[in-house]
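Coordinates as given in target_15.txt (compact mmCIF, C-alpha atoms):
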# COMPACT_ATOMS: atom_id res chain seq x y z
CA MET A 1 7.20 -5.34 17.27
CA GLN A 2 8.47 -8.63 15.87
CA GLU A 3 12.12 -9.09 15.02
CA GLN A 4 12.91 -9.56 11.33
CA ASN A 5 14.15 -13.02 10.45
CA THR A 6 14.95 -14.40 6.98
CA THR A 7 15.75 -18.07 6.43
CA ARG A 8 16.77 -19.72 3.16
CA PHE A 9 15.86 -23.33 2.41
CA ASP A 10 16.43 -25.86 -0.36
CA THR A 11 14.75 -29.09 0.75
CA ARG A 12 11.14 -30.17 0.99
CA ALA A 13 11.46 -30.79 4.74
CA GLU A 14 12.80 -27.27 5.28
CA PHE A 15 10.02 -25.82 3.12
CA GLU A 16 7.35 -27.72 5.06
CA ALA A 17 8.84 -26.56 8.37
CA GLN A 18 8.72 -22.94 7.19
CA PHE A 19 5.14 -23.39 5.97
CA ARG A 20 4.14 -24.72 9.38
CA ALA A 21 5.86 -21.69 10.96
CA CYS A 22 3.76 -19.47 8.70
CA LEU A 23 0.59 -21.22 9.86
CA ALA A 24 1.62 -20.79 13.50
CA ALA A 25 2.23 -17.06 12.93
CA ALA A 26 -1.03 -16.46 11.04
CA ARG A 27 -3.68 -14.42 12.83
CA THR A 28 -6.00 -12.82 10.27
CA ARG A 29 -5.09 -13.65 6.67
CA LEU A 30 -3.27 -16.23 4.57
CA ASP A 31 -2.88 -15.75 0.80
CA LEU A 32 -1.19 -18.54 -1.14
CA PHE A 33 -0.24 -19.01 -4.78
CA ASP A 34 1.17 -22.18 -6.30
CA PRO A 35 0.57 -23.84 -9.68
CA ASP A 36 -1.02 -26.93 -8.05
CA PHE A 37 -0.13 -27.07 -4.30
CA ALA A 38 1.40 -30.53 -4.68
CA VAL A 39 4.31 -29.71 -2.33
CA PHE A 40 2.24 -27.88 0.27
CA PRO A 41 1.29 -30.35 3.03
CA LEU A 42 -2.39 -29.34 2.92
CA GLY A 43 -3.47 -32.94 3.45
CA SER A 44 -1.52 -33.59 6.66
CA ILE A 45 -3.29 -33.93 9.98
CA GLU A 46 -1.13 -31.21 11.58
CA VAL A 47 -1.75 -28.67 8.81
CA ASP A 48 -5.45 -29.50 8.79
CA ALA A 49 -5.62 -28.82 12.54
CA ALA A 50 -3.66 -25.56 12.20
CA LEU A 51 -5.87 -24.34 9.35
CA CYS A 52 -9.01 -25.34 11.25
CA ASP A 53 -7.85 -23.37 14.31
CA PHE A 54 -6.96 -20.39 12.10
CA LEU A 55 -10.39 -20.44 10.44
CA LYS A 56 -12.22 -20.92 13.76
CA ARG A 57 -10.58 -17.70 14.97
CA GLY A 58 -12.02 -15.90 11.93
CA GLY A 59 -8.91 -15.96 9.77
CA VAL A 60 -9.35 -15.66 5.99
CA LEU A 61 -7.62 -18.12 3.66
CA ARG A 62 -7.31 -17.57 -0.11
CA LEU A 63 -5.60 -19.94 -2.54
CA ALA A 64 -4.83 -19.11 -6.17
CA MET A 65 -3.61 -21.88 -8.47
CA HIS A 66 -3.38 -22.95 -12.08
CA THR A 67 -5.27 -26.19 -11.50
CA PRO A 68 -7.17 -27.58 -8.49
CA ALA A 69 -6.81 -31.22 -9.64
CA TYR A 70 -4.09 -32.19 -7.14
CA ILE A 71 -6.03 -30.75 -4.21
CA GLU A 72 -9.23 -32.49 -5.36
CA ARG A 73 -7.48 -35.87 -5.61
CA HIS A 74 -5.09 -35.81 -2.66
CA TYR A 75 -6.37 -33.44 0.05
CA PRO A 76 -9.80 -34.61 1.29
CA ARG A 77 -9.23 -32.86 4.64
CA PHE A 78 -8.74 -29.57 2.81
CA ILE A 79 -11.94 -30.14 0.80
CA ARG A 80 -13.77 -30.67 4.12
CA LEU A 81 -12.34 -27.37 5.41
CA LEU A 82 -13.58 -25.69 2.25
CA ARG A 83 -17.07 -27.06 2.87
CA ASP A 84 -17.09 -26.19 6.59
CA TYR A 85 -15.53 -22.73 6.26
CA SER A 86 -16.60 -21.61 2.79
CA HIS A 87 -17.35 -18.14 4.18
CA LEU A 88 -13.64 -17.75 5.13
CA LEU A 89 -11.86 -19.92 2.55
CA GLU A 90 -11.82 -19.28 -1.19
CA CYS A 91 -9.94 -20.91 -4.04
CA ARG A 92 -9.45 -19.54 -7.52
CA ALA A 93 -7.89 -20.88 -10.71
CA THR A 94 -5.82 -18.73 -13.03
CA PRO A 95 -6.75 -18.15 -16.67
CA LYS A 96 -4.62 -19.51 -19.51
CA THR A 97 -2.88 -16.15 -19.83
CA LEU A 98 -1.25 -16.64 -16.41
CA LYS A 99 -0.20 -20.29 -16.75
CA GLN A 100 3.41 -19.22 -17.35
CA LEU A 101 3.75 -18.10 -13.70
CA THR A 102 6.04 -20.58 -11.95
CA ASP A 103 6.82 -19.12 -8.55
CA SER A 104 5.08 -20.12 -5.33
CA PHE A 105 4.42 -18.12 -2.18
CA CYS A 106 2.46 -17.72 1.04
CA ILE A 107 1.72 -14.29 2.51
CA VAL A 108 0.85 -14.12 6.20
CA ASP A 109 -0.86 -11.09 7.75
CA GLU A 110 1.10 -8.65 5.55
CA VAL A 111 4.28 -9.17 7.61
CA HIS A 112 5.56 -12.68 6.80
CA VAL A 113 6.20 -14.38 3.46
CA LEU A 114 7.33 -17.82 2.33
CA ARG A 115 8.58 -18.00 -1.27
CA ARG A 116 9.88 -20.67 -3.59
CA PHE A 117 11.58 -19.02 -6.52
CA HIS A 118 10.35 -21.69 -8.97
CA SER A 119 7.62 -24.22 -8.31
CA GLU A 120 9.68 -27.09 -9.73
CA HIS A 121 12.45 -26.54 -7.18
CA MET A 122 12.50 -26.36 -3.41
CA ARG A 123 14.92 -23.42 -3.17
CA GLY A 124 13.42 -20.37 -1.52
CA GLU A 125 13.24 -18.21 1.56
CA ALA A 126 10.99 -17.33 4.45
CA ALA A 127 10.90 -13.81 5.86
CA PHE A 128 9.20 -13.24 9.20
CA GLY A 129 8.46 -9.81 10.61
CA SER A 130 9.41 -8.20 7.32
CA PRO A 131 6.60 -6.15 5.74
CA GLY A 132 8.99 -4.93 3.02
CA ALA A 133 9.56 -8.52 1.85
CA VAL A 134 5.79 -8.90 1.44
CA ASP A 135 5.35 -5.97 -0.97
CA LEU A 136 6.19 -7.73 -4.27
CA PRO A 137 4.39 -11.01 -3.48
CA ARG A 138 1.35 -9.00 -2.29
CA HIS A 139 1.24 -7.06 -5.55
CA ARG A 140 1.60 -10.31 -7.53
CA PHE A 141 -1.05 -12.13 -5.51
CA ASP A 142 -3.56 -9.30 -5.83
CA ALA A 143 -3.07 -9.20 -9.62
CA ILE A 144 -3.36 -13.01 -9.89
CA TRP A 145 -6.46 -13.04 -7.67
CA GLU A 146 -8.16 -10.34 -9.71
CA GLU A 147 -7.66 -12.30 -12.96
CA SER A 148 -8.63 -15.70 -11.56
CA LYS A 149 -12.02 -17.41 -11.37
CA ALA A 150 -13.64 -19.45 -8.61
CA ALA A 151 -12.47 -23.05 -8.29
CA LEU A 152 -13.03 -25.84 -5.75
CA GLN A 153 -16.60 -24.95 -4.89
CA SER A 154 -17.93 -26.12 -1.53
CA THR A 155 -20.28 -28.62 -3.19
CA ARG A 156 -20.24 -30.47 -6.48
CA THR A 157 -22.81 -28.06 -7.91
CA GLY A 158 -21.05 -25.03 -6.49
CA LEU A 159 -23.99 -24.12 -4.24

Go ahead and express the file in the form of structure tokens.
Amino acid sequence: MQEQNTTRFDTRAEFEAQFRACLAAARTRLDLFDPDFAVFPLGSIEVDAALCDFLKRGGVLRLAMHTPAYIERHYPRFIRLLRDYSHLLECRATPKTLKQLTDSFCIVDEVHVLRRFHSEHMRGEAAFGSPGAVDLPRHRFDAIWEESKAALQSTRTGL
């Protein structure tokens, strides 16, 4: 059983370090929500390699967002992952009725969570080995996912 560990952060560097720790801890499932993923380092070589390894092991990655425009413009490595692992990676965009949501979080294997309290600020916390801390973000993610529609298809035509 993993020891519970909660760490607060308030800088981009600290957030990115916690996100990388989430990727290192991930075994089966990653669920992420952010309005646009502009602060997630999805385009970095290290994150690309970690996500590729995660997906090669059969992990499932789901991203929910308000708009995929930032990912489309700035994360070509992530778009390649989407093409290569479309059976394990899915992205959805929220409807207009959910555009007011401003938090940001990453849920890892139902036991770890990384949260920014507001997407315009870096302040947040990471909780590792804490299934109880995952409960609220899990409920929120599932509701967001259910309402959202497919985005970032694996090809330009979506086929």

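Within the 9 Å cut-off around A:Gly59, using only C-alpha atoms and omitting residues fewer than 6 positions from it on the same chain, the listed residues are A:Ala26, A:Arg27, A:Thr28, A:Arg29, A:Leu30, A:Leu51, A:Asp53, A:Leu88, A:Leu89.
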
**Study point:** Which of A:Lys56, A:Pro41, A:Ser119, A:Ile107 sits closest to A:Leu136 [using all atoms listed in the file]
**Key:** A:Ile107

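Using only C-alpha atoms, the nearest neighbour of A:Ser86 within the list A:Ser148, A:Ser104, A:Gln153, A:Ser130 is A:Gln153.
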
Practice item. Find the residues around A:Leu114 up to 8 Å (all atoms listed in the file counted), leave out those fewer than 2 positions away in its own chain, and share them as a PyMOL selection string. Key: chain A and resi 18-19+22+105-107+112+116+124-127

**Study point:** Top pick for closest residue to A:His121, considering A:Val60, A:His87, A:Asp109, A:Thr102 and counting all atoms listed in the file
**Key:** A:Thr102

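Between atom CA of A:Leu98 and atom CA of A:His66 the separation is 7.9 Å.
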
Practice item. Step by step: start from the point (-2.5, -31.3, 10.0) in the file's coordinates, keep every protein, DNA or RNA residue that has an atom no farther than 12 Å from it, count all atoms listed in the file, and write the set as a ChimeraX atom specification. Key: /A:16,19-20,23-24,40-54,75-78,81

Check your understanding: Quick one: distance from atom CA of A:Leu101 to atom CA of A:Thr6 in Å, one decimal?
Key -> 23.8 Å

Practice item. Would you mind listing what lies within 9 Å of A:Ala38 as a PyMOL selection string, with only C-alpha atoms counted and same-chain residues fewer than 5 positions away left out? Key: chain A and resi 70-71+74

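Counting only C-alpha atoms, the residue from A:Arg12, A:His118, A:Lys99, A:Arg57 that sits nearest to A:Ile144 is A:Lys99.
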
Study note, to complete from the structure: Nearest to A:Ala143, restricted to only C-alpha atoms and choosing among A:Arg123, A:Gly129, A:Phe33, A:Arg73, comes out as A:Phe33

Point to revise | Å distance separating atom CA of A:Glu147 from atom CA of A:Leu61, one decimal place | key: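 Distance reported for this atom pair: 17.6 Å.
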
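Distances to A:Ala25 were evaluated for A:Val113, A:Val39, A:Ile79, A:Ala69 using all atoms listed in the file, and the minimum falls at A:Val113.
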
**Study point:** Polymer residues at most 12 Å from (-10.1, -24.0, -14.7) by all atoms listed in the file, as a VMD selection string
**Key:** chain A and resid 35 to 36 64 to 69 91 to 99 148 to 153
